$ cat target08.pdb   # PDB, C-alpha atoms
ATOM      1  CA  MET A   1       0.000   0.000   0.000  1.00  0.00           C
ATOM      2  CA  ASP A   2       2.856   2.389   0.764  1.00  0.00           C
ATOM      3  CA  LYS A   3       4.296   1.835  -2.711  1.00  0.00           C
ATOM      4  CA  ILE A   4       0.957   2.810  -4.249  1.00  0.00           C
ATOM      5  CA  LYS A   5       0.850   5.986  -2.153  1.00  0.00           C
ATOM      6  CA  GLU A   6       4.409   6.790  -3.231  1.00  0.00           C
ATOM      7  CA  LYS A   7       3.479   6.290  -6.888  1.00  0.00           C
ATOM      8  CA  ILE A   8       0.418   8.504  -6.489  1.00  0.00           C
ATOM      9  CA  GLU A   9       2.579  11.258  -4.953  1.00  0.00           C
ATOM     10  CA  GLU A  10       5.105  10.863  -7.777  1.00  0.00           C
ATOM     11  CA  VAL A  11       2.410  11.032 -10.468  1.00  0.00           C
ATOM     12  CA  VAL A  12       0.726  14.065  -8.884  1.00  0.00           C
ATOM     13  CA  ALA A  13       4.055  15.914  -8.757  1.00  0.00           C
ATOM     14  CA  LYS A  14       4.734  15.137 -12.419  1.00  0.00           C
ATOM     15  CA  LEU A  15       1.242  16.196 -13.466  1.00  0.00           C
ATOM     16  CA  LYS A  16       1.403  19.462 -11.532  1.00  0.00           C
ATOM     17  CA  GLY A  17       4.757  20.259 -13.136  1.00  0.00           C
ATOM     18  CA  ASP A  18       3.682  19.645 -16.736  1.00  0.00           C
ATOM     19  CA  ASP A  19       0.561  21.283 -18.174  1.00  0.00           C
ATOM     20  CA  LYS A  20       0.616  19.154 -21.336  1.00  0.00           C
ATOM     21  CA  LEU A  21       0.848  15.974 -19.307  1.00  0.00           C
ATOM     22  CA  MET A  22      -2.022  17.197 -17.109  1.00  0.00           C
ATOM     23  CA  GLU A  23      -4.205  17.757 -20.191  1.00  0.00           C
ATOM     24  CA  LYS A  24      -3.301  14.300 -21.457  1.00  0.00           C
ATOM     25  CA  PHE A  25      -4.221  12.840 -18.052  1.00  0.00           C
ATOM     26  CA  LYS A  26      -7.577  14.614 -18.126  1.00  0.00           C
ATOM     27  CA  SER A  27      -8.403  13.220 -21.567  1.00  0.00           C
ATOM     28  CA  ASP A  28      -7.031   9.683 -21.068  1.00  0.00           C
ATOM     29  CA  PRO A  29      -6.039   9.054 -17.446  1.00  0.00           C
ATOM     30  CA  ILE A  30      -5.365   5.323 -17.728  1.00  0.00           C
ATOM     31  CA  LYS A  31      -2.958   5.473 -20.675  1.00  0.00           C
ATOM     32  CA  THR A  32      -1.263   8.574 -19.295  1.00  0.00           C
ATOM     33  CA  LEU A  33      -0.788   6.977 -15.896  1.00  0.00           C
ATOM     34  CA  GLU A  34       0.590   3.781 -17.416  1.00  0.00           C
ATOM     35  CA  GLY A  35       3.027   5.904 -19.423  1.00  0.00           C
ATOM     36  CA  ILE A  36       4.169   7.824 -16.355  1.00  0.00           C
ATOM     37  CA  ILE A  37       4.728   4.796 -14.146  1.00  0.00           C
ATOM     38  CA  GLY A  38       5.953   2.610 -16.996  1.00  0.00           C
ATOM     39  CA  ILE A  39       3.871  -0.390 -15.987  1.00  0.00           C
ATOM     40  CA  ASP A  40       0.882  -1.936 -17.758  1.00  0.00           C
ATOM     41  CA  LEU A  41      -1.403  -2.805 -14.847  1.00  0.00           C
ATOM     42  CA  PRO A  42      -4.767  -4.583 -14.957  1.00  0.00           C
ATOM     43  CA  ASP A  43      -7.631  -2.136 -15.495  1.00  0.00           C
ATOM     44  CA  ASP A  44      -9.119  -2.603 -12.024  1.00  0.00           C
ATOM     45  CA  MET A  45      -5.754  -1.871 -10.395  1.00  0.00           C
ATOM     46  CA  ILE A  46      -4.906   1.120 -12.578  1.00  0.00           C
ATOM     47  CA  SER A  47      -8.399   2.543 -12.034  1.00  0.00           C
ATOM     48  CA  LYS A  48      -7.773   2.622  -8.284  1.00  0.00           C
ATOM     49  CA  VAL A  49      -4.495   4.458  -8.811  1.00  0.00           C
ATOM     50  CA  VAL A  50      -6.202   6.906 -11.209  1.00  0.00           C
ATOM     51  CA  ASP A  51      -8.868   7.543  -8.562  1.00  0.00           C
ATOM     52  CA  GLY A  52      -6.149   8.170  -5.982  1.00  0.00           C
ATOM     53  CA  VAL A  53      -4.361  10.624  -8.275  1.00  0.00           C
ATOM     54  CA  LYS A  54      -7.616  12.451  -9.045  1.00  0.00           C
ATOM     55  CA  ALA A  55      -8.435  12.677  -5.335  1.00  0.00           C
ATOM     56  CA  LYS A  56      -4.962  14.023  -4.539  1.00  0.00           C
ATOM     57  CA  LEU A  57      -5.212  16.592  -7.338  1.00  0.00           C
ATOM     58  CA  ALA A  58      -8.667  17.667  -6.153  1.00  0.00           C
ATOM     59  CA  ALA A  59      -7.437  18.010  -2.580  1.00  0.00           C
ATOM     60  CA  GLY A  60      -4.569  20.185  -3.802  1.00  0.00           C
ATOM     61  CA  ASP A  61      -6.974  22.349  -5.787  1.00  0.00           C
ATOM     62  CA  LEU A  62      -9.198  22.780  -2.733  1.00  0.00           C
ATOM     63  CA  ALA A  63      -6.230  23.745  -0.586  1.00  0.00           C
ATOM     64  CA  ASP A  64      -5.153  26.331  -3.170  1.00  0.00           C
ATOM     65  CA  LYS A  65      -8.685  27.748  -3.350  1.00  0.00           C
ATOM     66  CA  ALA A  66      -8.929  27.862   0.437  1.00  0.00           C
ATOM     67  CA  ASP A  67      -5.678  29.839   0.553  1.00  0.00           C
ATOM     68  CA  ASP A  68      -7.044  32.247  -2.073  1.00  0.00           C
ATOM     69  CA  VAL A  69     -10.244  32.761  -0.071  1.00  0.00           C
ATOM     70  CA  LYS A  70      -8.257  33.251   3.141  1.00  0.00           C
ATOM     71  CA  ASP A  71      -6.059  35.849   1.430  1.00  0.00           C
ATOM     72  CA  ALA A  72      -9.086  37.645  -0.011  1.00  0.00           C
ATOM     73  CA  ILE A  73     -10.840  37.752   3.346  1.00  0.00           C
ATOM     74  CA  GLY A  74      -7.682  38.925   5.077  1.00  0.00           C
ATOM     75  CA  GLY A  75      -7.295  41.661   2.485  1.00  0.00           C
ATOM     76  CA  LEU A  76     -10.902  42.692   2.919  1.00  0.00           C
ATOM     77  CA  PHE A  77     -10.564  43.016   6.684  1.00  0.00           C
ATOM     78  CA  SER A  78      -7.299  44.932   6.405  1.00  0.00           C
ATOM     79  CA  LYS A  79      -9.105  47.578   4.357  1.00  0.00           C
ATOM     80  CA  PHE A  80     -11.374  48.319   7.313  1.00  0.00           C
ATOM     81  CA  LYS A  81      -8.506  48.666   9.806  1.00  0.00           C
ATOM     82  CA  LYS A  82      -6.980  52.049  10.313  1.00  0.00           C
TER      83      LYS A  82
END
$ encode --input "target08.pdb" --output "structure tokens"
Amino acid sequence: MDKIKEKIEEVVAKLKGDDKLMEKFKSDPIKTLEGIIGIDLPDDMISKVVDGVKAKLAAGDLADKADDVKDAIGGLFSKFKK
């Protein structure tokens, strides 16, 4: 299980660092993932890894959005301070 988590982290880092690869992942996640990890896994196994990568990417997006909201709210309140 730890190896799968490591692979998911590795894939997420590669996807976040390469916009073209991210687009390819969005259009064909299974083939893209197999290309990144270099292993042809059974569909049920690769689907679980794809789901893990998608979840990790979504969590990262939510964290980024939360930071943006926090910054916006902090900026809004600082305008009222004098």
$ resolve_selection --input "target08.pdb" --expression "the PyMOL selection byres ((chain A and resi 53) around 12)" --output "compact mmCIF listing (two decimals) with C-alpha atoms, in the frame of the given file"
# COMPACT_ATOMS: atom_id res chain seq x y z
CA ILE A 4 0.96 2.81 -4.25
CA LYS A 5 0.85 5.99 -2.15
CA GLU A 6 4.41 6.79 -3.23
CA LYS A 7 3.48 6.29 -6.89
CA ILE A 8 0.42 8.50 -6.49
CA GLU A 9 2.58 11.26 -4.95
CA GLU A 10 5.11 10.86 -7.78
CA VAL A 11 2.41 11.03 -10.47
CA VAL A 12 0.73 14.06 -8.88
CA ALA A 13 4.06 15.91 -8.76
CA LYS A 14 4.73 15.14 -12.42
CA LEU A 15 1.24 16.20 -13.47
CA LYS A 16 1.40 19.46 -11.53
CA MET A 22 -2.02 17.20 -17.11
CA PHE A 25 -4.22 12.84 -18.05
CA LYS A 26 -7.58 14.61 -18.13
CA PRO A 29 -6.04 9.05 -17.45
CA ILE A 30 -5.36 5.32 -17.73
CA THR A 32 -1.26 8.57 -19.30
CA LEU A 33 -0.79 6.98 -15.90
CA ILE A 46 -4.91 1.12 -12.58
CA SER A 47 -8.40 2.54 -12.03
CA LYS A 48 -7.77 2.62 -8.28
CA VAL A 49 -4.50 4.46 -8.81
CA VAL A 50 -6.20 6.91 -11.21
CA ASP A 51 -8.87 7.54 -8.56
CA GLY A 52 -6.15 8.17 -5.98
CA LYS A 54 -7.62 12.45 -9.04
CA ALA A 55 -8.44 12.68 -5.34
CA LYS A 56 -4.96 14.02 -4.54
CA LEU A 57 -5.21 16.59 -7.34
CA ALA A 58 -8.67 17.67 -6.15
CA ALA A 59 -7.44 18.01 -2.58
CA GLY A 60 -4.57 20.18 -3.80
$ atom_distance --input "target08.pdb" --atom1 "atom CA of Asp43 of chain A" --atom2 "atom CA of Asp2 of chain A"
19.9 Å
$ atom_distance --input "target08.pdb" --atom1 "atom CA of Gly17 of chain A" --atom2 "atom CA of Leu41 of chain A"
23.9 Å
$ atom_distance --input "target08.pdb" --atom1 "atom CA of Pro42 of chain A" --atom2 "atom CA of Asp28 of chain A"
15.7 Å
$ axis_aligned_box --input "target08.pdb" --around "segment 36-55 of chain A" --padding-each-side "3 Å" --output "lines of an AutoDock Vina configuration file"
center_x = -1.6
center_y = 4.0
center_z = -11.5
size_x = 21.1
size_y = 23.3
size_z = 18.4
$ build_atoms --input "target08.pdb" --residues "segment 1-28 of chain A" --atoms "N, CA and C atoms" --output "mmCIF file, in the coordinates of the input"
data_model
loop_
_atom_site.group_PDB
_atom_site.id
_atom_site.type_symbol
_atom_site.label_atom_id
_atom_site.label_comp_id
_atom_site.auth_asym_id
_atom_site.auth_seq_id
_atom_site.Cartn_x
_atom_site.Cartn_y
_atom_site.Cartn_z
ATOM 1 N N MET A 1 0.831 -1.204 0.000
ATOM 2 C CA MET A 1 0.000 0.000 0.000
ATOM 3 C C MET A 1 0.866 1.255 0.000
ATOM 4 N N ASP A 2 1.981 1.227 0.716
ATOM 5 C CA ASP A 2 2.856 2.389 0.764
ATOM 6 C C ASP A 2 3.447 2.683 -0.610
ATOM 7 N N LYS A 3 3.743 1.641 -1.368
ATOM 8 C CA LYS A 3 4.296 1.835 -2.711
ATOM 9 C C LYS A 3 3.283 2.520 -3.617
ATOM 10 N N ILE A 4 2.005 2.174 -3.453
ATOM 11 C CA ILE A 4 0.957 2.810 -4.249
ATOM 12 C C ILE A 4 0.861 4.283 -3.885
ATOM 13 N N LYS A 5 0.904 4.584 -2.595
ATOM 14 C CA LYS A 5 0.850 5.986 -2.153
ATOM 15 C C LYS A 5 2.041 6.765 -2.695
ATOM 16 N N GLU A 6 3.211 6.137 -2.686
ATOM 17 C CA GLU A 6 4.409 6.790 -3.231
ATOM 18 C C GLU A 6 4.241 7.074 -4.715
ATOM 19 N N LYS A 7 3.698 6.112 -5.449
ATOM 20 C CA LYS A 7 3.479 6.290 -6.888
ATOM 21 C C LYS A 7 2.474 7.399 -7.142
ATOM 22 N N ILE A 8 1.422 7.450 -6.334
ATOM 23 C CA ILE A 8 0.418 8.504 -6.489
ATOM 24 C C ILE A 8 1.070 9.866 -6.272
ATOM 25 N N GLU A 9 1.877 9.996 -5.229
ATOM 26 C CA GLU A 9 2.579 11.258 -4.953
ATOM 27 C C GLU A 9 3.490 11.630 -6.128
ATOM 28 N N GLU A 10 4.198 10.639 -6.654
ATOM 29 C CA GLU A 10 5.105 10.863 -7.777
ATOM 30 C C GLU A 10 4.336 11.335 -9.016
ATOM 31 N N VAL A 11 3.221 10.674 -9.299
ATOM 32 C CA VAL A 11 2.410 11.032 -10.468
ATOM 33 C C VAL A 11 1.832 12.431 -10.309
ATOM 34 N N VAL A 12 1.310 12.737 -9.132
ATOM 35 C CA VAL A 12 0.726 14.065 -8.884
ATOM 36 C C VAL A 12 1.782 15.147 -9.089
ATOM 37 N N ALA A 13 2.974 14.931 -8.589
ATOM 38 C CA ALA A 13 4.055 15.914 -8.757
ATOM 39 C C ALA A 13 4.381 16.111 -10.231
ATOM 40 N N LYS A 14 4.445 15.024 -10.988
ATOM 41 C CA LYS A 14 4.734 15.137 -12.419
ATOM 42 C C LYS A 14 3.615 15.864 -13.147
ATOM 43 N N LEU A 15 2.381 15.553 -12.806
ATOM 44 C CA LEU A 15 1.242 16.196 -13.466
ATOM 45 C C LEU A 15 1.200 17.690 -13.165
ATOM 46 N N LYS A 16 1.437 18.049 -11.913
ATOM 47 C CA LYS A 16 1.403 19.462 -11.532
ATOM 48 C C LYS A 16 2.529 20.257 -12.192
ATOM 49 N N GLY A 17 3.616 19.582 -12.540
ATOM 50 C CA GLY A 17 4.757 20.259 -13.136
ATOM 51 C C GLY A 17 4.730 20.310 -14.647
ATOM 52 N N ASP A 18 3.718 19.720 -15.276
ATOM 53 C CA ASP A 18 3.682 19.645 -16.736
ATOM 54 C C ASP A 18 2.249 19.802 -17.228
ATOM 55 N N ASP A 19 1.929 20.998 -17.734
ATOM 56 C CA ASP A 19 0.561 21.283 -18.174
ATOM 57 C C ASP A 19 0.098 20.357 -19.299
ATOM 58 N N LYS A 20 0.994 20.043 -20.230
ATOM 59 C CA LYS A 20 0.616 19.154 -21.336
ATOM 60 C C LYS A 20 0.295 17.752 -20.821
ATOM 61 N N LEU A 21 1.086 17.288 -19.890
ATOM 62 C CA LEU A 21 0.848 15.974 -19.307
ATOM 63 C C LEU A 21 -0.466 15.974 -18.527
ATOM 64 N N MET A 22 -0.764 17.081 -17.850
ATOM 65 C CA MET A 22 -2.022 17.197 -17.109
ATOM 66 C C MET A 22 -3.216 17.118 -18.072
ATOM 67 N N GLU A 23 -3.127 17.803 -19.200
ATOM 68 C CA GLU A 23 -4.205 17.757 -20.191
ATOM 69 C C GLU A 23 -4.380 16.339 -20.733
ATOM 70 N N LYS A 24 -3.256 15.675 -20.979
ATOM 71 C CA LYS A 24 -3.301 14.300 -21.457
ATOM 72 C C LYS A 24 -3.958 13.397 -20.409
ATOM 73 N N PHE A 25 -3.623 13.613 -19.137
ATOM 74 C CA PHE A 25 -4.221 12.840 -18.052
ATOM 75 C C PHE A 25 -5.725 13.067 -17.992
ATOM 76 N N LYS A 26 -6.151 14.304 -18.173
ATOM 77 C CA LYS A 26 -7.577 14.614 -18.126
ATOM 78 C C LYS A 26 -8.335 13.930 -19.258
ATOM 79 N N SER A 27 -7.708 13.825 -20.427
ATOM 80 C CA SER A 27 -8.403 13.220 -21.567
ATOM 81 C C SER A 27 -8.306 11.697 -21.572
ATOM 82 N N ASP A 28 -7.201 11.139 -21.090
ATOM 83 C CA ASP A 28 -7.031 9.683 -21.068
ATOM 84 C C ASP A 28 -6.187 9.288 -19.858
#
